[in-house]
Amino acid sequence: MRIDVKKTYKLYIGGAFPRSESGRSYEVNNSKGVFIANPSQASRKDLRDAVVAARAAQAGWSGATAFNRAQILYRVAEIMEGRTSQFVDEIVALEGVTPAAAKKQVEEAIDLWVWYSGWCDKISTIYGATNPVSGSFYNFTTPEAMGVVGVFAPQKSSLLGLVQSLAPVLAAGNTAILVASEKFPLPAISLSEVLATSDIPGGVVNILTGITAELAPWMASHMDVDAIDASGLSATQEKEARLEGVENLKRIFAFKGDQTPQRVLAFMENKTVWHPIGI
Amino acid sequence: MTFEYAPAPESTAVVKLKPEYGLFINGKFVPAKDGKSFATINPSNEQHLAKVAYASEADVNKAVAAANEAYKKIWSKMPASERGKYLFRIARILQERAREFAVLESMDNGKPIRETRDVDIPLAAAHFFYHAGWADKLEHAGMGSNPKPHGVVGQIIPWNFPLLMLSWKIAPALATGNTVVLKPAETTPLTALLFAEVCQQAGLPAGVVNIVTGDGKTGSLIVNHKDIQKIAFTGSTAVGKGIARAIAGTKKAATLELGGKGANIVFEDAPIDETVEGIINGIFFNQGHVCCAGSRLLVQENIQEELLEKLKRRMALIRVGDPLDKNTDLGAINSAAQLAKIRELVDSGDAEGAERWSPACDLPAKGFWYPPTFFTGVTQANRIAREEIFGPVLSVISFRTPQEAIEKANNTPFGLSAGIWTDKGSRILWTAKHLKAGVIWANTFNKFDPASPFGGYKESGWGREGGRHGLAAYLKGVH
């Protein structure tokens, strides 16, 4: 009989897989209450390190061509496809769903990466504008990345939910600090292994596991986080995040399972440029 | 020899001031329930203009109830094309009564008639005309196939462009099918009340637009009212943050147009005379009471001396004085409080070691006045480089490389506007791409148009006003 080699679930920050600097981990059980893993319990310091990594990666990611970003997000889908069974096993264990339902979730998540990949180089065409101002000026508006976005992945849908939140943020050209579902964190860490091998530059996505209620206030009050996807926060946590986020007027949005370009646009700023026309 | 300008005052005969103005609720002017009122004055001579009703809780409740009723019974049921026609009518009446509005705005605000006549009022009318045409085309606006209004919108506007800000708020709100409770600024209520007459002349159904005058307390009653579905605010970042706190945890949506500290970046190859005009327009337009003012001049080091010499010569020609004189360039500061704020920040500039310069300039004895001013030797840590002065005061900072210009321009919690002056097209686009600002003027400054989205990054606020993008502010669940 062979003993399986079990994975140590760690954080993903700046392209590396550190444990929490706090040395903490927490117990994650399967749907039947049986122990399966001790993922890292990220601390405030881990979150701040992740923000630094995300900010450092921002200019490169938002400055990459839209076509390049599209290819990289498509590459994520390619790599995920090959790891389908791993994700299925994790989802079945955590969520207690059937393997068929888990497989469907993985497939939908993969397809969602493909869908948002395609938006990278179309969002400006559809949602930008040349504006017919009165006067001899050329005037155009383009949506561009907001910057660094904190993402609280939905708590109940361990893989699809987090892709629903993460993919549009990245398609917009933002870099992200994703806080995984507290009880179902394992697919997030497996996804980080996908991201690490998908040409996504280190720091573009940073993934933390831990206690949502502990991390939310630090994310919300961080002055170098521009926006938050609050989908994984409770109503009370979201309200508190909004109050904390006022200090730098964070843009905070929460979504249901919507698949829409509005989720990309929510994390973009419109920039309008004027120039005179003349000889 | 020099030729003196003869006085060229615009007549005030076109304005028929009433001694007292009520609140505009449900299509009628009504007194405040508790009979309170406050005075509005002409800031250029401190003369009393009129008494204006002060709206307390009962009045705000009444206005919101009227807006709610009008939304449910009339406005949400009206075909969009008919809704649009009211906006066309309002635009036309504003054009017809433009001179009256221009003179009244100048009297109540202190800004030059040249600006109210040529900028504020024509743009306000244009804003209604532009949005009128959107009313029946919203399903083509990229906001989903069935875009929905919020319902009753609470709008709070500042004193720097009273009627223009009213039009930026009311026109898109009505076009998208919302009804409105609007509060003009405490020091500039009169053109909003004259606008209420326009609504009557246009036959706008009662309750669709309600105008309540008052102060910050009146504003917070609007913000916190349970039947207000959305807040649109233009004003200071501090008040904007207060609003964001007040609505946290509620279902209310908000757009905020807040402060700025715009960088006007001048590269060494800029056409220097045009640039000087652009700098003047950037900081002295509307006495610098402009959230998107080019209040930080970032100039490439090797041309700083030449540029500042020309700027001084040009600033000496700015005519400061009677706002109603058609030759006046720089009018009055809007209030004693604002003048005190400008002085306090200028004092901090002196104290922190920056060097102040103003041309010789006779200021009127009565009223609130400040001369055109710039500071050199400003460091990025100085308050005058970081805080919004909202007056005719420019901070000059130099840079050596384009990268340094970007670093300095973006080194602010604000992100509303920026200017770029250079002859090189690729440099304009490179600079524009790297600036964190919502509105960028290249080889021009302070241009506005209803078709052009306006609004800021970071602490300059949430959302855009104007253009297709501005419609999102008044429709549910779109960005």
# chains A, B, ... in the order shown; residues from 1 in each chain; ligands from 1

$ residues_around --residues "region 93-107 of chain A" --least-positions-apart "6" --cutoff "10 Å" --atoms "only C-alpha atoms" --output "MDAnalysis selection string"
chainID A and resid 28:34 36 77 80:81 83:87 156:161 163 183:187

$ write_last_selection --atoms "C-alpha atoms" --output "PDB file, in the first residue's frame"
ATOM      1  CA  VAL A  28     -10.208  22.883   6.740  1.00  0.00           C
ATOM      2  CA  ASN A  29     -12.564  19.915   6.796  1.00  0.00           C
ATOM      3  CA  ASN A  30     -14.463  18.204   4.070  1.00  0.00           C
ATOM      4  CA  SER A  31     -18.240  18.364   3.829  1.00  0.00           C
ATOM      5  CA  LYS A  32     -18.472  15.456   6.281  1.00  0.00           C
ATOM      6  CA  GLY A  33     -16.355  17.217   8.879  1.00  0.00           C
ATOM      7  CA  VAL A  34     -13.228  15.153   8.276  1.00  0.00           C
ATOM      8  CA  ILE A  36      -8.326  17.563   4.860  1.00  0.00           C
ATOM      9  CA  ALA A  77      -8.091  28.304 -19.302  1.00  0.00           C
ATOM     10  CA  MET A  80      -6.917  24.628 -15.975  1.00  0.00           C
ATOM     11  CA  GLU A  81      -8.373  22.197 -18.486  1.00  0.00           C
ATOM     12  CA  ARG A  83      -5.997  19.949 -14.121  1.00  0.00           C
ATOM     13  CA  THR A  84      -9.736  19.374 -14.215  1.00  0.00           C
ATOM     14  CA  SER A  85      -9.654  16.239 -12.098  1.00  0.00           C
ATOM     15  CA  GLN A  86      -7.691  17.923  -9.331  1.00  0.00           C
ATOM     16  CA  PHE A  87     -10.277  20.714  -9.100  1.00  0.00           C
ATOM     17  CA  LYS A 156     -20.087  29.161  -1.329  1.00  0.00           C
ATOM     18  CA  SER A 157     -18.835  28.518  -4.833  1.00  0.00           C
ATOM     19  CA  SER A 158     -15.254  27.500  -4.287  1.00  0.00           C
ATOM     20  CA  LEU A 159     -13.944  27.673  -7.852  1.00  0.00           C
ATOM     21  CA  LEU A 160     -16.545  29.176 -10.177  1.00  0.00           C
ATOM     22  CA  GLY A 161     -17.317  31.991  -7.745  1.00  0.00           C
ATOM     23  CA  VAL A 163     -13.243  32.990 -11.243  1.00  0.00           C
ATOM     24  CA  LYS A 183     -14.247  27.329   4.346  1.00  0.00           C
ATOM     25  CA  PHE A 184     -13.549  26.242   0.754  1.00  0.00           C
ATOM     26  CA  PRO A 185     -10.078  27.669   0.070  1.00  0.00           C
ATOM     27  CA  LEU A 186      -8.339  24.771  -1.638  1.00  0.00           C
ATOM     28  CA  PRO A 187      -9.354  25.386  -5.272  1.00  0.00           C
TER      29      PRO A 187
END

$ residues_around --residues "Val208 (chain B)" --least-positions-apart "3" --cutoff "7 Å" --atoms "only C-alpha atoms" --output "list in words"
Ala67, Ala70, Tyr71, Thr179, Val180 and Pro205 of chain B

$ write_last_selection --atoms "C-alpha atoms" --output "short mmCIF file (atom, residue, chain, number, x, y, z; two decimals), in the first residue's frame"
data_model
loop_
_atom_site.label_atom_id
_atom_site.label_comp_id
_atom_site.auth_asym_id
_atom_site.auth_seq_id
_atom_site.Cartn_x
_atom_site.Cartn_y
_atom_site.Cartn_z
CA ALA B 67 -40.72 63.70 -6.20
CA ALA B 70 -44.34 62.37 -9.51
CA TYR B 71 -42.02 59.44 -10.22
CA THR B 179 -37.25 62.67 -10.50
CA VAL B 180 -35.19 65.13 -8.53
CA PRO B 205 -45.21 68.05 -14.42
#

$ closest_residue --among "A:Thr130, A:Asn68, A:Ser136, A:Thr125" --to "Gly278 (chain A)" --atoms "only C-alpha atoms"
A:Ser136

$ interface_residues --of "chain A" --to "chain B" --cutoff "7 Å" --atoms "only C-alpha atoms" --output "list in words"
Asn131, Pro132, Val133, Ser134, Lys239, Arg242, Leu243, Val246, Asn248, Leu249, Gln262, Leu265, Ala266, Glu269, Asn270, Lys271, Thr272, Val273, Trp274, His275 and Pro276 of chain A

$ residues_around --residues "Asn45 (chain B)" --least-positions-apart "2" --cutoff "10 Å" --atoms "only C-alpha atoms" --output "tab-separated table (two decimals) with C-alpha atoms, in the first residue's frame"
chain	number	residue	atom	x	y	z
B	41	ILE	CA	-25.52	88.67	-1.16
B	42	ASN	CA	-23.51	89.89	-4.11
B	43	PRO	CA	-19.93	88.96	-3.19
B	47	GLN	CA	-25.02	94.10	-1.21
B	48	HIS	CA	-28.08	92.15	-0.13
B	107	MET	CA	-24.53	88.97	-9.32
B	110	GLY	CA	-19.30	87.15	-8.34
B	322	ASP	CA	-16.64	94.55	-11.31
B	332	ALA	CA	-14.96	88.34	-6.90
B	364	PRO	CA	-12.16	97.00	-4.90
B	365	ALA	CA	-12.66	98.15	-1.31
B	366	LYS	CA	-15.97	96.34	-0.83
B	367	GLY	CA	-16.57	92.68	-1.48
B	368	PHE	CA	-14.25	89.65	-1.45
B	369	TRP	CA	-11.21	89.83	-3.67

$ closest_residue --among "B:Pro172, B:Pro158, B:Gly294, B:Pro392" --to "Thr187 (chain B)" --atoms "only C-alpha atoms"
B:Pro158

$ residues_around --residues "Val181 (chain B)" --least-positions-apart "4" --cutoff "7 Å" --atoms "only C-alpha atoms" --output "PyMOL selection string"
chain B and resi 63-64+67+153-155+209-211

$ residues_around --residues "region 131-139 of chain B" --least-positions-apart "5" --cutoff "10 Å" --atoms "only C-alpha atoms" --output "ChimeraX atom specification"
/B:79-91,126,144-148,167-168,170-177,450-451,466-468,471,475

$ atom_distance --atom1 "CA of Pro18 (chain A)" --atom2 "CA of Ser43 (chain A)"
12.3 Å

$ residues_around --residues "Ser40 (chain A)" --least-positions-apart "3" --cutoff "7 Å" --atoms "only C-alpha atoms" --output "list of chain:residue names"
A:Tyr9, A:Lys10, A:Leu11, A:Arg19, A:Ser20, A:Arg24, A:Ser25, A:Tyr26, A:Thr209, A:Gly210

$ write_last_selection --atoms "N, CA and C atoms" --output "mmCIF file, in the first residue's frame"
data_model
loop_
_atom_site.group_PDB
_atom_site.id
_atom_site.type_symbol
_atom_site.label_atom_id
_atom_site.label_comp_id
_atom_site.auth_asym_id
_atom_site.auth_seq_id
_atom_site.Cartn_x
_atom_site.Cartn_y
_atom_site.Cartn_z
ATOM 1 N N TYR A 9 -0.800 23.469 1.451
ATOM 2 C CA TYR A 9 -1.486 24.611 0.825
ATOM 3 C C TYR A 9 -0.919 25.908 1.383
ATOM 4 N N LYS A 10 -0.299 26.682 0.515
ATOM 5 C CA LYS A 10 0.351 27.908 0.971
ATOM 6 C C LYS A 10 -0.275 29.128 0.292
ATOM 7 N N LEU A 11 0.205 30.300 0.659
ATOM 8 C CA LEU A 11 -0.277 31.536 0.046
ATOM 9 C C LEU A 11 0.404 31.726 -1.308
ATOM 10 N N ARG A 19 4.476 30.554 3.180
ATOM 11 C CA ARG A 19 3.512 30.347 4.260
ATOM 12 C C ARG A 19 3.202 31.722 4.843
ATOM 13 N N SER A 20 2.191 31.799 5.682
ATOM 14 C CA SER A 20 1.917 33.081 6.335
ATOM 15 C C SER A 20 3.107 33.476 7.191
ATOM 16 N N ARG A 24 0.775 30.994 11.084
ATOM 17 C CA ARG A 24 -0.509 30.402 11.447
ATOM 18 C C ARG A 24 -1.081 29.562 10.299
ATOM 19 N N SER A 25 -1.846 28.571 10.667
ATOM 20 C CA SER A 25 -2.653 27.872 9.674
ATOM 21 C C SER A 25 -3.998 27.603 10.321
ATOM 22 N N TYR A 26 -4.961 27.171 9.524
ATOM 23 C CA TYR A 26 -6.251 26.817 10.123
ATOM 24 C C TYR A 26 -6.772 25.554 9.477
ATOM 25 N N THR A 209 -5.348 32.865 1.843
ATOM 26 C CA THR A 209 -6.366 32.066 2.525
ATOM 27 C C THR A 209 -6.377 32.505 3.978
ATOM 28 N N GLY A 210 -7.507 32.349 4.612
ATOM 29 C CA GLY A 210 -7.575 32.747 6.014
ATOM 30 C C GLY A 210 -8.978 33.130 6.408
#

$ closest_residue --among "B:Asn334, B:Ser236, B:Thr328, B:Asn26" --to "Val60 (chain B)" --atoms "only C-alpha atoms"
B:Asn26

$ select_by_dssp --residues "region 204-268 of chain A" --states "alpha helix (DSSP H)" --output "list of chain:residue names"
A:Thr212, A:Ala213, A:Glu214, A:Leu215, A:Ala216, A:Pro217, A:Trp218, A:Met219, A:Ala220, A:Ser221, A:Ala235, A:Thr236, A:Gln237, A:Glu238, A:Lys239, A:Glu240, A:Ala241, A:Arg242, A:Leu243, A:Glu244, A:Gly245, A:Pro261, A:Gln262, A:Arg263, A:Val264, A:Leu265

$ write_last_selection --atoms "N, CA and C atoms" --output "mmCIF file, in the first residue's frame"
data_model
loop_
_atom_site.group_PDB
_atom_site.id
_atom_site.type_symbol
_atom_site.label_atom_id
_atom_site.label_comp_id
_atom_site.auth_asym_id
_atom_site.auth_seq_id
_atom_site.Cartn_x
_atom_site.Cartn_y
_atom_site.Cartn_z
ATOM 1 N N THR A 212 -11.921 35.562 6.671
ATOM 2 C CA THR A 212 -12.417 36.730 5.936
ATOM 3 C C THR A 212 -12.619 37.929 6.855
ATOM 4 N N ALA A 213 -13.252 37.693 7.992
ATOM 5 C CA ALA A 213 -13.560 38.802 8.908
ATOM 6 C C ALA A 213 -12.292 39.475 9.422
ATOM 7 N N GLU A 214 -11.214 38.711 9.492
ATOM 8 C CA GLU A 214 -9.948 39.289 9.965
ATOM 9 C C GLU A 214 -9.302 40.144 8.867
ATOM 10 N N LEU A 215 -9.377 39.668 7.643
ATOM 11 C CA LEU A 215 -8.656 40.345 6.556
ATOM 12 C C LEU A 215 -9.435 41.522 5.961
ATOM 13 N N ALA A 216 -10.774 41.467 6.022
ATOM 14 C CA ALA A 216 -11.573 42.492 5.335
ATOM 15 C C ALA A 216 -11.262 43.918 5.798
ATOM 16 N N PRO A 217 -11.183 44.176 7.105
ATOM 17 C CA PRO A 217 -10.904 45.559 7.520
ATOM 18 C C PRO A 217 -9.540 46.057 7.046
ATOM 19 N N TRP A 218 -8.551 45.160 7.008
ATOM 20 C CA TRP A 218 -7.209 45.606 6.574
ATOM 21 C C TRP A 218 -7.210 45.916 5.077
ATOM 22 N N MET A 219 -7.935 45.130 4.325
ATOM 23 C CA MET A 219 -8.041 45.414 2.888
ATOM 24 C C MET A 219 -8.773 46.736 2.686
ATOM 25 N N ALA A 220 -9.879 46.902 3.420
ATOM 26 C CA ALA A 220 -10.737 48.073 3.213
ATOM 27 C C ALA A 220 -10.039 49.365 3.613
ATOM 28 N N SER A 221 -9.173 49.296 4.611
ATOM 29 C CA SER A 221 -8.534 50.533 5.078
ATOM 30 C C SER A 221 -7.192 50.776 4.393
ATOM 31 N N ALA A 235 -23.240 41.072 4.632
ATOM 32 C CA ALA A 235 -23.764 42.447 4.558
ATOM 33 C C ALA A 235 -23.087 43.344 5.588
ATOM 34 N N THR A 236 -22.890 42.814 6.791
ATOM 35 C CA THR A 236 -22.242 43.610 7.842
ATOM 36 C C THR A 236 -20.790 43.896 7.486
ATOM 37 N N GLN A 237 -20.105 42.859 7.010
ATOM 38 C CA GLN A 237 -18.701 43.059 6.621
ATOM 39 C C GLN A 237 -18.588 44.061 5.473
ATOM 40 N N GLU A 238 -19.537 43.982 4.542
ATOM 41 C CA GLU A 238 -19.493 44.901 3.405
ATOM 42 C C GLU A 238 -19.708 46.336 3.869
ATOM 43 N N LYS A 239 -20.653 46.532 4.775
ATOM 44 C CA LYS A 239 -20.895 47.882 5.288
ATOM 45 C C LYS A 239 -19.641 48.409 5.985
ATOM 46 N N GLU A 240 -19.025 47.564 6.806
ATOM 47 C CA GLU A 240 -17.809 48.005 7.490
ATOM 48 C C GLU A 240 -16.708 48.316 6.493
ATOM 49 N N ALA A 241 -16.603 47.492 5.451
ATOM 50 C CA ALA A 241 -15.581 47.748 4.423
ATOM 51 C C ALA A 241 -15.846 49.084 3.739
ATOM 52 N N ARG A 242 -17.116 49.384 3.501
ATOM 53 C CA ARG A 242 -17.441 50.666 2.857
ATOM 54 C C ARG A 242 -17.049 51.833 3.769
ATOM 55 N N LEU A 243 -17.308 51.682 5.058
ATOM 56 C CA LEU A 243 -16.941 52.763 5.982
ATOM 57 C C LEU A 243 -15.424 52.942 6.026
ATOM 58 N N GLU A 244 -14.691 51.830 6.120
ATOM 59 C CA GLU A 244 -13.221 51.910 6.135
ATOM 60 C C GLU A 244 -12.695 52.440 4.811
ATOM 61 N N GLY A 245 -13.344 52.042 3.737
ATOM 62 C CA GLY A 245 -12.858 52.384 2.396
ATOM 63 C C GLY A 245 -13.050 53.839 2.031
ATOM 64 N N PRO A 261 -20.046 42.239 -19.172
ATOM 65 C CA PRO A 261 -18.935 43.201 -19.277
ATOM 66 C C PRO A 261 -19.024 44.290 -18.206
ATOM 67 N N GLN A 262 -20.206 44.456 -17.577
ATOM 68 C CA GLN A 262 -20.320 45.447 -16.500
ATOM 69 C C GLN A 262 -19.370 45.128 -15.349
ATOM 70 N N ARG A 263 -19.041 43.839 -15.185
ATOM 71 C CA ARG A 263 -18.110 43.483 -14.113
ATOM 72 C C ARG A 263 -16.697 43.922 -14.457
ATOM 73 N N VAL A 264 -16.382 43.968 -15.736
ATOM 74 C CA VAL A 264 -15.073 44.500 -16.157
ATOM 75 C C VAL A 264 -15.078 46.018 -15.974
ATOM 76 N N LEU A 265 -16.145 46.650 -16.460
ATOM 77 C CA LEU A 265 -16.231 48.116 -16.422
ATOM 78 C C LEU A 265 -16.253 48.654 -14.994
#

$ residues_around --residues "Arg319 (chain B)" --least-positions-apart "4" --cutoff "12 Å" --atoms "only C-alpha atoms" --output "ChimeraX atom specification"
/B:4-5,7,112,114,284,287,314-315,323,325-332,359-364,371-372

$ select_by_dssp --residues "region 207-446 of chain B" --states "strand (DSSP E)" --output "count of residues only"
45
